[in-house]
file upload-v3.txt (compact mmCIF, C-alpha atoms)
# COMPACT_ATOMS: atom_id res chain seq x y z
CA MET A 711 -8.46 20.07 -20.73
CA THR A 712 -6.69 17.89 -23.27
CA GLY A 713 -4.78 14.77 -22.46
CA GLU A 714 -1.57 16.47 -23.57
CA THR A 715 -2.17 19.21 -21.02
CA VAL A 716 -2.96 16.67 -18.31
CA LEU A 717 0.27 14.81 -19.05
CA THR A 718 2.31 18.02 -19.13
CA ARG A 719 0.85 19.11 -15.80
CA ILE A 720 1.43 15.77 -14.10
CA VAL A 721 4.99 15.46 -15.42
CA ALA A 722 5.84 18.99 -14.25
CA ARG A 723 4.46 18.17 -10.82
CA ALA A 724 6.46 14.93 -10.75
CA HIS A 725 9.69 16.88 -11.27
CA GLU A 726 8.73 19.25 -8.43
CA GLN A 727 7.92 16.39 -6.08
CA VAL A 728 11.18 14.61 -6.84
CA ALA A 729 13.12 17.78 -6.04
CA ARG A 730 11.36 18.09 -2.67
CA ARG A 731 11.85 14.42 -1.78
CA ARG A 732 15.51 14.46 -2.80
CA ALA A 733 16.08 17.53 -0.60
CA ALA A 734 14.57 15.66 2.33
CA LEU A 735 16.27 12.32 1.64
CA SER A 736 19.10 11.82 -0.85
CA ILE A 737 19.60 8.61 -2.81
CA ASP A 738 22.69 7.81 -0.69
CA GLN A 739 20.70 8.34 2.50
CA MET A 740 17.86 6.21 1.17
CA LEU A 741 20.18 3.34 0.25
CA ALA A 742 21.83 3.54 3.67
CA GLN A 743 18.55 3.06 5.52
CA PRO A 744 17.91 -0.35 7.11
CA ARG A 745 15.83 -2.41 4.76
CA THR A 746 14.71 -6.00 4.66
CA ARG A 747 14.68 -6.99 1.02
CA THR A 748 12.41 -9.90 0.30
CA THR A 749 13.12 -12.23 -2.58
CA ARG A 750 12.81 -10.38 -5.88
CA ARG A 751 9.78 -11.49 -7.82
CA PRO A 752 10.35 -11.81 -11.56
CA PHE A 753 7.99 -9.56 -13.50
CA SER A 754 9.00 -10.15 -17.11
CA ALA A 755 9.12 -13.94 -16.71
CA VAL A 756 5.50 -14.23 -15.55
CA LEU A 757 4.35 -12.45 -18.70
CA ALA A 758 5.93 -15.05 -21.01
CA ARG A 759 3.56 -16.24 -23.69
CA GLY A 760 1.36 -19.14 -22.63
CA ASP A 761 -1.99 -20.60 -23.64
CA GLY A 762 -3.64 -17.21 -23.22
CA PRO A 763 -2.72 -13.65 -22.31
CA ALA A 764 -1.19 -13.02 -18.91
CA VAL A 765 -3.00 -10.27 -17.02
CA ILE A 766 -1.40 -7.46 -15.06
CA ALA A 767 -4.36 -6.53 -12.85
CA GLU A 768 -4.38 -2.91 -11.79
CA PHE A 769 -5.48 -1.09 -8.67
CA LYS A 770 -6.40 2.56 -9.16
CA ARG A 771 -8.95 4.68 -7.35
CA ARG A 772 -9.44 7.36 -9.97
CA SER A 773 -7.98 8.87 -13.14
CA PRO A 774 -7.99 12.23 -14.94
CA SER A 775 -10.02 10.78 -17.81
CA ARG A 776 -12.64 8.94 -15.74
CA GLY A 777 -12.67 10.67 -12.37
CA ALA A 778 -13.57 8.46 -9.41
CA ILE A 779 -13.45 4.77 -10.32
CA ARG A 780 -13.59 2.89 -7.03
CA GLU A 781 -12.98 4.62 -3.72
CA ASP A 782 -14.46 1.93 -1.46
CA LEU A 783 -12.20 -1.00 -2.39
CA SER A 784 -9.07 -1.55 -0.30
CA VAL A 785 -5.83 -2.35 -2.08
CA VAL A 786 -5.38 -5.48 0.03
CA HIS A 787 -8.84 -6.79 -0.88
CA ALA A 788 -8.25 -6.09 -4.56
CA ALA A 789 -4.81 -7.72 -4.49
CA HIS A 790 -6.20 -10.84 -2.84
CA ALA A 791 -9.04 -11.03 -5.36
CA TYR A 792 -6.70 -10.59 -8.31
CA GLU A 793 -4.25 -13.22 -7.09
CA LYS A 794 -7.01 -15.75 -6.40
CA ALA A 795 -8.49 -15.12 -9.87
CA GLY A 796 -5.18 -15.90 -11.58
CA ALA A 797 -3.53 -12.54 -12.27
CA ALA A 798 0.11 -12.89 -13.34
CA ALA A 799 1.13 -9.60 -11.72
CA LEU A 800 -0.26 -6.49 -10.07
CA SER A 801 -0.05 -2.86 -11.14
CA VAL A 802 -0.52 -0.25 -8.43
CA LEU A 803 -0.96 3.46 -9.14
CA THR A 804 1.21 5.46 -6.76
CA GLU A 805 0.57 8.96 -8.16
CA GLU A 806 -1.31 10.81 -5.44
CA GLN A 807 -3.11 13.88 -6.73
CA ASP A 808 -4.76 12.68 -9.94
CA PHE A 809 -4.96 8.95 -9.22
CA GLY A 810 -5.33 8.85 -5.44
CA GLY A 811 -2.47 6.39 -5.02
CA SER A 812 0.57 6.09 -2.78
CA LEU A 813 3.72 4.09 -2.22
CA ALA A 814 1.98 2.64 0.82
CA ASP A 815 -0.62 1.10 -1.50
CA LEU A 816 2.15 -0.67 -3.39
CA GLN A 817 3.75 -1.97 -0.21
CA GLN A 818 0.43 -3.25 1.10
CA ALA A 819 -0.36 -5.02 -2.17
CA ARG A 820 3.02 -6.71 -2.25
CA GLN A 821 2.82 -7.81 1.37
CA ALA A 822 -0.66 -9.23 0.79
CA THR A 823 0.22 -11.45 -2.19
CA ARG A 824 2.94 -13.52 -3.83
CA LEU A 825 2.64 -11.63 -7.11
CA PRO A 826 5.22 -9.28 -8.62
CA VAL A 827 4.12 -5.66 -8.40
CA LEU A 828 4.54 -2.90 -10.97
CA ARG A 829 4.80 0.68 -9.74
CA LYS A 830 2.69 2.71 -12.12
CA ASP A 831 3.51 6.38 -11.89
CA PHE A 832 5.06 9.21 -13.87
CA ILE A 833 8.73 8.37 -13.47
CA VAL A 834 10.94 11.14 -14.75
CA ASP A 835 14.06 10.88 -12.60
CA PRO A 836 16.44 8.12 -11.46
CA TYR A 837 15.53 9.05 -7.87
CA GLN A 838 12.13 7.43 -8.43
CA ILE A 839 13.76 4.19 -9.58
CA TRP A 840 15.69 3.90 -6.32
CA GLU A 841 12.58 4.95 -4.43
CA SER A 842 10.74 2.10 -6.16
CA TRP A 843 13.55 -0.30 -5.22
CA HIS A 844 13.33 0.89 -1.63
CA VAL A 845 9.62 0.07 -1.35
CA GLU A 846 10.29 -3.28 -3.06
CA ALA A 847 8.54 -2.69 -6.38
CA ASP A 848 9.41 -5.47 -8.80
CA ALA A 849 8.90 -3.32 -11.90
CA VAL A 850 8.31 0.29 -12.90
CA LEU A 851 6.39 1.95 -15.69
CA LEU A 852 8.35 4.32 -17.93
CA ILE A 853 6.26 6.47 -20.27
CA ALA A 854 8.19 7.23 -23.45
CA THR A 855 6.34 10.46 -24.18
CA ALA A 856 7.03 11.81 -20.67
CA VAL A 857 10.82 11.86 -21.02
CA SER A 858 13.47 12.51 -23.65
CA SER A 859 15.15 9.65 -25.52
CA ALA A 860 18.34 10.24 -23.52
CA ASP A 861 16.44 10.24 -20.24
CA LEU A 862 14.64 7.03 -21.19
CA ARG A 863 17.98 5.33 -21.80
CA GLU A 864 19.26 6.54 -18.43
CA LEU A 865 16.15 5.38 -16.59
CA LEU A 866 16.45 1.95 -18.20
CA ARG A 867 20.13 1.81 -17.20
CA VAL A 868 19.32 2.68 -13.58
CA ALA A 869 16.43 0.19 -13.47
CA ASP A 870 18.80 -2.52 -14.68
CA LYS A 871 21.32 -1.54 -11.99
CA ALA A 872 18.59 -1.70 -9.35
CA GLN A 873 17.44 -5.05 -10.76
CA ILE A 874 13.94 -3.74 -11.41
CA ASP A 875 12.12 -4.62 -14.63
CA ALA A 876 10.85 -1.72 -16.73
CA LEU A 877 7.67 -1.66 -18.77
CA VAL A 878 8.11 1.07 -21.38
CA GLU A 879 4.80 2.54 -22.48
CA VAL A 880 4.38 3.81 -26.04
CA HIS A 881 1.49 5.25 -28.04
CA ASP A 882 2.69 5.35 -31.65
CA GLU A 883 5.37 4.18 -34.08
CA ARG A 884 7.87 6.90 -33.19
CA GLU A 885 7.69 6.14 -29.48
CA LEU A 886 7.94 2.41 -30.15
CA ASP A 887 11.09 2.90 -32.21
CA CYS A 888 12.48 5.09 -29.42
CA ALA A 889 11.73 2.45 -26.76
CA LEU A 890 13.32 -0.34 -28.77
CA SER A 891 16.39 1.77 -29.55
CA ALA A 892 16.75 2.52 -25.84
CA GLY A 893 16.83 -1.21 -25.09
CA ALA A 894 13.34 -1.84 -23.75
CA CYS A 895 12.68 -5.55 -23.10
CA ILE A 896 9.01 -5.05 -22.16
CA VAL A 897 6.88 -2.71 -24.25
CA GLY A 898 3.37 -1.65 -23.37
CA VAL A 899 1.17 -0.18 -26.10
CA ASN A 900 -1.33 2.19 -24.52
CA ASN A 901 -4.54 2.30 -26.54
CA ARG A 902 -5.48 5.63 -24.96
CA ASP A 903 -4.52 8.69 -26.98
CA LEU A 904 -2.94 11.03 -24.43
CA ARG A 905 -4.03 14.06 -26.45
CA SER A 906 -7.74 13.31 -26.87
CA LEU A 907 -7.99 10.62 -24.15
CA ASP A 908 -9.92 8.50 -26.68
CA VAL A 909 -9.33 4.75 -26.57
CA ASP A 910 -8.84 2.63 -29.69
CA LEU A 911 -7.65 -0.99 -29.67
CA GLY A 912 -6.61 -0.39 -33.26
CA THR A 913 -3.46 1.25 -31.85
CA ALA A 914 -2.30 -2.05 -30.38
CA LEU A 915 -3.27 -3.98 -33.50
CA ARG A 916 -1.37 -1.51 -35.71
CA LEU A 917 1.83 -1.59 -33.66
CA SER A 918 1.94 -5.32 -32.88
CA PRO A 919 3.83 -6.37 -36.04
CA ARG A 920 6.58 -3.86 -35.23
CA ILE A 921 7.36 -5.41 -31.82
CA PRO A 922 10.19 -7.99 -32.05
CA ASP A 923 9.46 -11.53 -30.90
CA ASP A 924 12.07 -11.33 -28.14
CA VAL A 925 10.36 -8.28 -26.57
CA VAL A 926 7.47 -8.90 -24.19
CA ALA A 927 4.42 -7.16 -25.67
CA VAL A 928 1.74 -5.73 -23.38
CA SER A 929 -1.51 -4.05 -24.41
CA GLU A 930 -2.87 -1.37 -22.08
CA SER A 931 -6.22 0.41 -21.73
CA GLY A 932 -9.65 -0.14 -23.25
CA ILE A 933 -9.85 -3.92 -22.74
CA ARG A 934 -13.48 -4.56 -21.87
CA GLY A 935 -13.98 -8.30 -22.03
CA ARG A 936 -12.89 -11.72 -23.21
CA GLU A 937 -13.39 -10.89 -26.89
CA ASP A 938 -10.94 -7.98 -26.64
CA ALA A 939 -8.48 -10.13 -24.68
CA LEU A 940 -8.48 -12.91 -27.26
CA ARG A 941 -8.23 -10.48 -30.15
CA LEU A 942 -5.12 -8.90 -28.66
CA TYR A 943 -3.57 -12.24 -27.76
CA GLU A 944 -4.09 -13.49 -31.31
CA ALA A 945 -2.46 -10.27 -32.56
CA GLY A 946 0.70 -11.21 -30.66
CA TYR A 947 0.36 -9.62 -27.23
CA ASP A 948 1.79 -11.67 -24.39
CA ALA A 949 0.03 -9.76 -21.64
CA LEU A 950 -2.72 -7.27 -20.94
CA LEU A 951 -2.70 -4.50 -18.36
CA ILE A 952 -6.28 -4.04 -17.19
CA GLY A 953 -7.50 -1.63 -14.55
CA GLU A 954 -10.78 0.22 -14.97
CA HIS A 955 -12.75 -2.76 -16.33
CA LEU A 956 -11.83 -4.79 -13.25
CA MET A 957 -12.06 -1.98 -10.71
CA ARG A 958 -15.57 -0.99 -11.77
CA ALA A 959 -16.88 -4.56 -11.49
CA PRO A 960 -18.83 -5.50 -8.32
CA ASP A 961 -16.38 -8.40 -7.93
CA PRO A 962 -13.00 -7.59 -9.56
CA GLY A 963 -11.82 -11.19 -9.20
CA GLU A 964 -14.87 -12.60 -10.94
CA ALA A 965 -14.47 -10.01 -13.70
CA LEU A 966 -10.89 -11.20 -14.20
CA ARG A 967 -11.99 -14.85 -14.40
CA ALA A 968 -14.62 -13.98 -16.97
CA LEU A 969 -12.09 -12.10 -19.05
CA THR A 970 -9.47 -14.85 -19.07
CA GLY A 971 -11.85 -17.81 -19.10
CA LYS A 972 -9.79 -19.44 -16.35
CA ASP A 973 -10.75 -20.65 -12.90
CA GLY A 974 -7.99 -18.70 -11.20
CA ASP A 975 -5.09 -19.53 -8.93
CA SER A 976 -4.96 -23.25 -8.35
CA ARG A 977 -2.64 -22.69 -5.39
CA GLY A 978 -5.66 -21.47 -3.41
call {"tool": "encode", "arguments": {"input": "upload-v3.txt", "output": "structure tokens"}}
result
Amino acid sequence: MTGETVLTRIVARAHEQVARRRAALSIDQMLAQPRTRTTRRPFSAVLARGDGPAVIAEFKRRSPSRGAIREDLSVVHAAHAYEKAGAAALSVLTEEQDFGGSLADLQQARQATRLPVLRKDFIVDPYQIWESWHVEADAVLLIATAVSSADLRELLRVADKAQIDALVEVHDERELDCALSAGACIVGVNNRDLRSLDVDLGTALRLSPRIPDDVVAVSESGIRGREDALRLYEAGYDALLIGEHLMRAPDPGEALRALTGKDGDSRG
């Protein structure tokens, strides 16, 4: 099965799931529910360029390309380890069928740490933005190839209204131009080709010069160690989103320290 087919299948299922959830609970009903909103945690600001790349450390149990990655690690344990090791933010997969995630995982990660949390899922409808707001996600992933240009603009508008940052994921020049035209302030270049599922850091290196200086640049997928991290930082990337490399390590926190070359969170 090709990556394109995997994406098409997951996106189609996302639309079906949204329709079912909206029938059970409308946006108005959701917003009317009692909710204790904790202080919003800035996502974009923590990715600002420093003396090395910021790391968005990801929790995911499995993926269509790799199958099972780490089924034994709890999201709370991983979140604690990432925060202690100096992660700037967390990314939590909430797609259930192919990635084994849930909104409960995101809530647990956020409650367990002080870090901003990105909801990583296949967001195709404004309903999911408000759903993300309701579970207190600080940011959402929007995949440019999963929606039309008009829909991307609308999702960015709704995210801004909900005061949720949006990381717009792109894979090539056309998608990058589309994201920038739509007003994306954070752009993530995914080094995984969604058609072949092959990973090539050359994608990030090729697209880096096209990302404006006032847009936060994030490199995603295929980052295997400190050499890759430094290479991408030197190419202009402010942050790195890293999941599988950390999740497969016996000690995800130690793997993060080795990758960044830092001791971790000095706050303890």
call {"tool": "atom_distance", "arguments": {"input": "upload-v3.txt", "atom1": "CA of Gly760 (chain A)", "atom2": "CA of Gly932 (chain A)"}}
result
22.0 Å
call {"tool": "closest_atom_pairs", "arguments": {"input": "upload-v3.txt", "of": "region 787-834 of chain A", "to": "region 718-738 of chain A", "cutoff": "10 Å", "atoms": "all atoms listed in the file", "output": "JSON lines"}}
result
{"residue": "A:Glu805", "atom": "CA", "partner": "A:Ala724", "partner_atom": "CA", "distance": 8.8}
{"residue": "A:Gln807", "atom": "CA", "partner": "A:Ile720", "partner_atom": "CA", "distance": 8.9}
{"residue": "A:Asp808", "atom": "CA", "partner": "A:Ile720", "partner_atom": "CA", "distance": 8.1}
{"residue": "A:Asp831", "atom": "CA", "partner": "A:Ala724", "partner_atom": "CA", "distance": 9.1}
{"residue": "A:Phe832", "atom": "CA", "partner": "A:Val721", "partner_atom": "CA", "distance": 6.4}
{"residue": "A:Ile833", "atom": "CA", "partner": "A:Ala724", "partner_atom": "CA", "distance": 7.5}
{"residue": "A:Val834", "atom": "CA", "partner": "A:His725", "partner_atom": "CA", "distance": 6.8}
call {"tool": "axis_aligned_box", "arguments": {"input": "upload-v3.txt", "around": "region 939-954 of chain A", "padding_each_side": "6 Å", "output": "JSON"}}
result
{"center_x": -4.5, "center_y": -6.6, "center_z": -23.6, "size_x": 24.6, "size_y": 25.7, "size_z": 30.0}
call {"tool": "closest_atom_pairs", "arguments": {"input": "upload-v3.txt", "of": "region 838-923 of chain A", "to": "region 812-821 of chain A", "cutoff": "12 Å", "atoms": "all atoms listed in the file", "output": "tab-separated table"}}
result
residue	atom	partner	partner_atom	distance
A:Gln838	CA	A:Leu813	CA	11.0
A:Glu841	CA	A:Leu813	CA	9.2
A:Ser842	CA	A:Leu813	CA	8.3
A:Trp843	CA	A:Gln817	CA	11.1
A:His844	CA	A:Gln817	CA	10.1
A:Val845	CA	A:Gln817	CA	6.3
A:Glu846	CA	A:Gln817	CA	7.3
A:Ala847	CA	A:Leu816	CA	7.3
A:Asp848	CA	A:Arg820	CA	9.2
A:Ala849	CA	A:Leu816	CA	11.2
A:Val850	CA	A:Leu816	CA	11.4
call {"tool": "write_last_selection", "arguments": {"input": "upload-v3.txt", "atoms": "C-alpha atoms", "output": "PDB file, in the frame of the given file"}}
result
ATOM      1  CA  GLN A 838      12.130   7.430  -8.430  1.00  0.00           C
ATOM      2  CA  GLU A 841      12.580   4.950  -4.430  1.00  0.00           C
ATOM      3  CA  SER A 842      10.740   2.100  -6.160  1.00  0.00           C
ATOM      4  CA  TRP A 843      13.550  -0.300  -5.220  1.00  0.00           C
ATOM      5  CA  HIS A 844      13.330   0.890  -1.630  1.00  0.00           C
ATOM      6  CA  VAL A 845       9.620   0.070  -1.350  1.00  0.00           C
ATOM      7  CA  GLU A 846      10.290  -3.280  -3.060  1.00  0.00           C
ATOM      8  CA  ALA A 847       8.540  -2.690  -6.380  1.00  0.00           C
ATOM      9  CA  ASP A 848       9.410  -5.470  -8.800  1.00  0.00           C
ATOM     10  CA  ALA A 849       8.900  -3.320 -11.900  1.00  0.00           C
ATOM     11  CA  VAL A 850       8.310   0.290 -12.900  1.00  0.00           C
TER      12      VAL A 850
END
call {"tool": "closest_residue", "arguments": {"input": "upload-v3.txt", "among": "A:Arg936, A:Pro836, A:Ala767, A:His787", "to": "Asp870 (chain A)", "atoms": "all atoms listed in the file"}}
result
A:Pro836
call {"tool": "atom_distance", "arguments": {"input": "upload-v3.txt", "atom1": "CA of Leu717 (chain A)", "atom2": "CA of Ala856 (chain A)"}}
result
7.6 Å
call {"tool": "residues_around", "arguments": {"input": "upload-v3.txt", "residues": "Tyr943 (chain A)", "least_positions_apart": "5", "cutoff": "10 Å", "atoms": "all atoms listed in the file", "output": "list in words"}}
result
Arg759, Gly760, Asp761, Gly762, Pro763, Ala764, Ala927, Val928, Ser929, Glu937, Asp938, Asp948, Ala949 and Leu950 of chain A
call {"tool": "residues_around", "arguments": {"input": "upload-v3.txt", "residues": "Glu864 (chain A)", "least_positions_apart": "3", "cutoff": "9 Å", "atoms": "all atoms listed in the file", "output": "PDB file with C-alpha atoms, in the frame of the given file"}}
result
ATOM      1  CA  ASP A 835      14.060  10.880 -12.600  1.00  0.00           C
ATOM      2  CA  PRO A 836      16.440   8.120 -11.460  1.00  0.00           C
ATOM      3  CA  SER A 859      15.150   9.650 -25.520  1.00  0.00           C
ATOM      4  CA  ALA A 860      18.340  10.240 -23.520  1.00  0.00           C
ATOM      5  CA  ASP A 861      16.440  10.240 -20.240  1.00  0.00           C
ATOM      6  CA  ARG A 867      20.130   1.810 -17.200  1.00  0.00           C
ATOM      7  CA  VAL A 868      19.320   2.680 -13.580  1.00  0.00           C
ATOM      8  CA  ALA A 869      16.430   0.190 -13.470  1.00  0.00           C
ATOM      9  CA  ALA A 892      16.750   2.520 -25.840  1.00  0.00           C
TER      10      ALA A 892
END
call {"tool": "closest_residue", "arguments": {"input": "upload-v3.txt", "among": "A:Ile853, A:Leu966, A:Ala742, A:Ala758", "to": "Leu877 (chain A)", "atoms": "all atoms listed in the file"}}
result
A:Ile853
call {"tool": "closest_residue", "arguments": {"input": "upload-v3.txt", "among": "A:Asp782, A:Glu793, A:Glu954, A:Glu768", "to": "Arg967 (chain A)", "atoms": "all atoms listed in the file"}}
result
A:Glu793
call {"tool": "closest_residue", "arguments": {"input": "upload-v3.txt", "among": "A:Thr749, A:Leu800, A:Gly810, A:Val909", "to": "Arg772 (chain A)", "atoms": "all atoms listed in the file"}}
result
A:Gly810
